[in-house]
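Taking it in order: structure first as structure tokens, then the write-up.
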Amino acid sequence: MQGWRARRTGSRWVAVAALAAGVLLVPGAQGAGAEEGEDGMGGPAAPAEYSYLQKAVPGGTLPAHAYEDAAAEAAGLTRTAGTWESLGPSNIGGRVVDLALDAERSDTVYVAAASGGLWRSTNAGSTFEKAWPDGQTQAMGAVASAADGTVYAGTGEVNPGGGSVTYEGTGVYRSVDRGKTWKSVGLRDSATIGAIRTDPRNPRHVLVAAAGSLYTDGGDRGVYETRNAGKTWHRILRVPNGSTGAVDVQFDPSNPRRVYAVLWDRRREPDKRTYGGVGSGVYRSDDGGVKWTRLDGGLPGPGSDVGRIGLGISASEPGRLYAVWGNASGGFGGFLTSKDAGDSWTELPRNEDLEESQGGFQWWFGKVWVDPDDARHVHVAGVELMTTKDGGGTWTGEGSAIHADQHAMAWDPRRSGRVYLGNDGGLYRSEADGDGAWSKGTQQPWTQLYTVATTPQDTSRISGGAQDNGSLRSWGGVTYNSYVGGDGLQNLINPTDRDNVFACYQYGNCFRSTNGGNANKYFTSATVSDRRNWLTPLQFDPRDPKVLYYGGNRLNRSTDGGITWQVISPDLTGGPSRDTYPYGTLSTVAAATDGRTVWVGTDDGRVWVTRDLGAHWTKVLEGQPWVTRIAVDPVDPATAYVTLSGYRSGSAQPHVLRTRDAGATWNDLSGNLPQAPVNDVVLAEGGRLYAATDQGVFTSRPGSAAHWYRVGDGLPLVPVDDIEYDAVNQRLVAATFGRGFYAIRTPE
């Protein structure tokens, strides 16, 4: 397990992980003023908050279909020459939200990656090949294989968070050639899909749990049915309100006429998360979906504090069910069983290990899996995989042989004891019914990356921060490996010394190394800031890489490679505000080549510049959305480019600005860019700009700065969070949030 999560033990939080040798964490080193919050430092709400507050304008929410609309705009732009090349990692993996076994072919497994598309393995999960087009949304929610080999995929992730906003999808798709080609078959307004189930008696009969948008009410929500393989759909279970959707639907394996569904009332608003409500509950139909009954008899009744519910159905003991539920804030609610198909329920004895496994964010899991051959053998999703062999009387947790945060499981009906498991680290296989004997395949190319670092000294040397998989490096082993743990964030490689590297995990906990990351020294404690962002900026001075800048809410400067630090600014933010920006921190730092000028941007929409190394600061922009990046002209320190985040729903507010007079005046360079967050900007030789967005990478040619082109072919439709320009080797390297690193040659 290369990532980590925080787990409550008594009143303390401690790291729970099996970390590779050399991987570092500093427990409790979150940084002064950073809020642990209801989920703890490692909970998935923290990176989701960081991402949501960028991509939603202050005080607003994410507009419906914003990603899809911007993707359509991107598709209409002219492409430049060149082809992107995947650089891996292929061995790390990333979050798997669902999996399915091919009903006709042994050892064939389909994996739905959260923001990395759909993948197929024909060797029991050892290696994978693409089973989804690069040009479609890569945000996945569910996958199913029918008895005739037809594959159904539902786009849009139900889980609310985990390193990003929940990227919404474009409905349900069908493939009759095992993923080579796909056809859209409807429910385009579903936003997120919780589950797809195919009738074992009729492959054209399919049920879909449509969860709807996390951010806006309405759309396709509830349980939908098709009896003609997706040509037409009928909603067979309606939802009680606009914020409730279906997150699960299951045929009873002992009686396919009996169907169960789980509804979840959830909503993300500008100032709060409401992951529970009166709409949450378990429903049963005994006539194939014509009539439904909301189950109670011991299950929590309708209430504002009822959160996500997970349901497991026994195949070997008809009528035996299990349910786990949480409250609206993510706390553990209880674990129950029924022996009469859900008419009545018994709450099983409280178990501290089971409760702690939910981490305070039970809404991230909500899954129960019952051994098809043993009704007392049950697995429950949590930070750890929790297992009972006596129907809930006692529990054990698996937290060392597998990665944290469990999301999907399936037994192989052709191989006794074989179980597949999907979690935040990828796909695992057990030959012992999930009770150990775990192995992980060697090729899982769907890693979610926040950042990338390169060096002109060696084009094979790449590092970057990965969601829940630490800071990764391409050296130090035969494959990519993690050398600093947590959620990997800012990474740097000294352009003049490839062994001098820097890596951070959340809230600005950073390390420096002089031997390529084999030994790392923690330096955040030498900096001074009251608050630090989830992704705290750390940058080299372009003239001298021994000079570095580190931004909390104050800017720190080091002249000795990060050993000692001096504060060179006051608080440059408006302070934290729970209503708009909970951080109040610097979000980007850019030093000019004159050795005196430094530009900074903040998460509360301010841009500052100093022309005398911090003796005096001038605020040159305010009232903007989250400032994602600043690039300074290498010849003229008064010329800078500023990029802004936020989906604007058709607003003309800029995403790219330029000043040529140190911020006295600004020009809007957004031009024909898609109306989407711009996550990064770099200035290449000759004045060419490159911009990274949620819909790919774009460039403007010198002399036409407000006219943009899509960069090259071969880059999947996946968010690009960071780009690095290598002028010496004429290439651009991108960190994608779901498909790893990509590179392309740039014009000379």
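By order in the structure tokens, chains are A, B, ...; within a chain, residues start at 1; ligands start at 1, following the order shown.
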Excluding same-chain residues fewer than 2 positions from stretch 107-119 of chain A, what lies within 7 Å of it counting only C-alpha atoms, as number ranges by chain? A: 95-102, 105, 121-125, 128-132, 138-143, 157, 446, 737-739
Leaving out A:Leu669 and any residue of its chain fewer than 2 positions from it, which residues lie within 8 Å of it when counting only C-alpha atoms, given as number ranges by chain? A: 654-658, 667, 671, 705-707
Write out the residues from the selection above, keeping C-alpha atoms, as a PDB file, in the first residue's frame.
ATOM      1  CA  PRO A 654     -11.338  35.674 -18.060  1.00  0.00           C
ATOM      2  CA  HIS A 655      -9.344  32.517 -17.489  1.00  0.00           C
ATOM      3  CA  VAL A 656      -6.013  33.912 -18.789  1.00  0.00           C
ATOM      4  CA  LEU A 657      -4.718  37.458 -18.185  1.00  0.00           C
ATOM      5  CA  ARG A 658      -1.533  39.252 -19.208  1.00  0.00           C
ATOM      6  CA  ASN A 667      -5.452  42.073 -21.099  1.00  0.00           C
ATOM      7  CA  GLY A 671      -9.997  34.062 -26.523  1.00  0.00           C
ATOM      8  CA  ALA A 705      -1.989  35.194 -27.909  1.00  0.00           C
ATOM      9  CA  ALA A 706      -5.796  35.166 -27.661  1.00  0.00           C
ATOM     10  CA  HIS A 707      -6.265  32.493 -30.339  1.00  0.00           C
TER      11      HIS A 707
END
Considering only C-alpha atoms, can you say which of A:Ala71, A:Gln653, A:Ile92, A:Thr150 comes closest to A:Thr170? A:Ala71
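Checking A:Leu555, A:Ala46, A:Val678, A:Ala662 one by one against A:Tyr647, counting only C-alpha atoms, you find the shortest gap at A:Val678.
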Find the spatial neighbours of A:His377, counting only C-alpha atoms, within a cut-off of 6 Å - ignore same-chain residues fewer than 3 positions away - and output them as a list in words. Asp371, Asp374, Thr388 and Lys389 of chain A
Residues of the last selection are to be written out with all heavy atoms, as a short mmCIF file (atom, residue, chain, number, x, y, z; two decimals), in the first residue's frame.
data_model
loop_
_atom_site.label_atom_id
_atom_site.label_comp_id
_atom_site.auth_asym_id
_atom_site.auth_seq_id
_atom_site.Cartn_x
_atom_site.Cartn_y
_atom_site.Cartn_z
N ASP A 371 -19.82 -13.61 0.46
CA ASP A 371 -19.27 -14.78 -0.21
C ASP A 371 -20.42 -15.59 -0.81
O ASP A 371 -21.36 -15.98 -0.09
CB ASP A 371 -18.49 -15.62 0.81
CG ASP A 371 -17.73 -16.78 0.18
OD1 ASP A 371 -18.19 -17.32 -0.84
OD2 ASP A 371 -16.68 -17.15 0.74
N ASP A 374 -20.85 -18.87 1.15
CA ASP A 374 -20.88 -18.88 2.61
C ASP A 374 -21.53 -17.58 3.09
O ASP A 374 -20.92 -16.51 3.07
CB ASP A 374 -19.46 -19.01 3.17
CG ASP A 374 -19.43 -19.08 4.69
OD1 ASP A 374 -20.49 -18.94 5.34
OD2 ASP A 374 -18.33 -19.27 5.25
N THR A 388 -15.69 -10.49 8.22
CA THR A 388 -16.25 -11.34 9.27
C THR A 388 -16.50 -12.72 8.70
O THR A 388 -16.90 -12.87 7.54
CB THR A 388 -17.55 -10.76 9.83
OG1 THR A 388 -18.07 -11.66 10.83
CG2 THR A 388 -18.61 -10.57 8.76
N LYS A 389 -16.26 -13.75 9.51
CA LYS A 389 -16.53 -15.13 9.10
C LYS A 389 -17.66 -15.75 9.92
O LYS A 389 -17.94 -16.95 9.76
CB LYS A 389 -15.26 -15.97 9.23
CG LYS A 389 -14.15 -15.52 8.28
CD LYS A 389 -12.92 -16.42 8.39
CE LYS A 389 -11.83 -15.99 7.43
NZ LYS A 389 -10.62 -16.86 7.50
#
Please list as JSON, numbers by chain every residue within 9 Å of stretch 449-458 of chain A, counting only C-alpha atoms and excluding residues in the same chain fewer than 5 positions away. {"A": [163, 463, 464, 465, 466, 467, 488, 489, 490, 491, 492, 493, 494, 495, 496, 497, 498, 535, 720, 721, 722, 723, 724, 725, 726, 727, 728, 729, 733, 734, 735, 736, 737, 738, 739, 740, 741]}
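Put simply, atom CA of A:Trp395 is 20.1 Å away from atom CA of A:Ala410.
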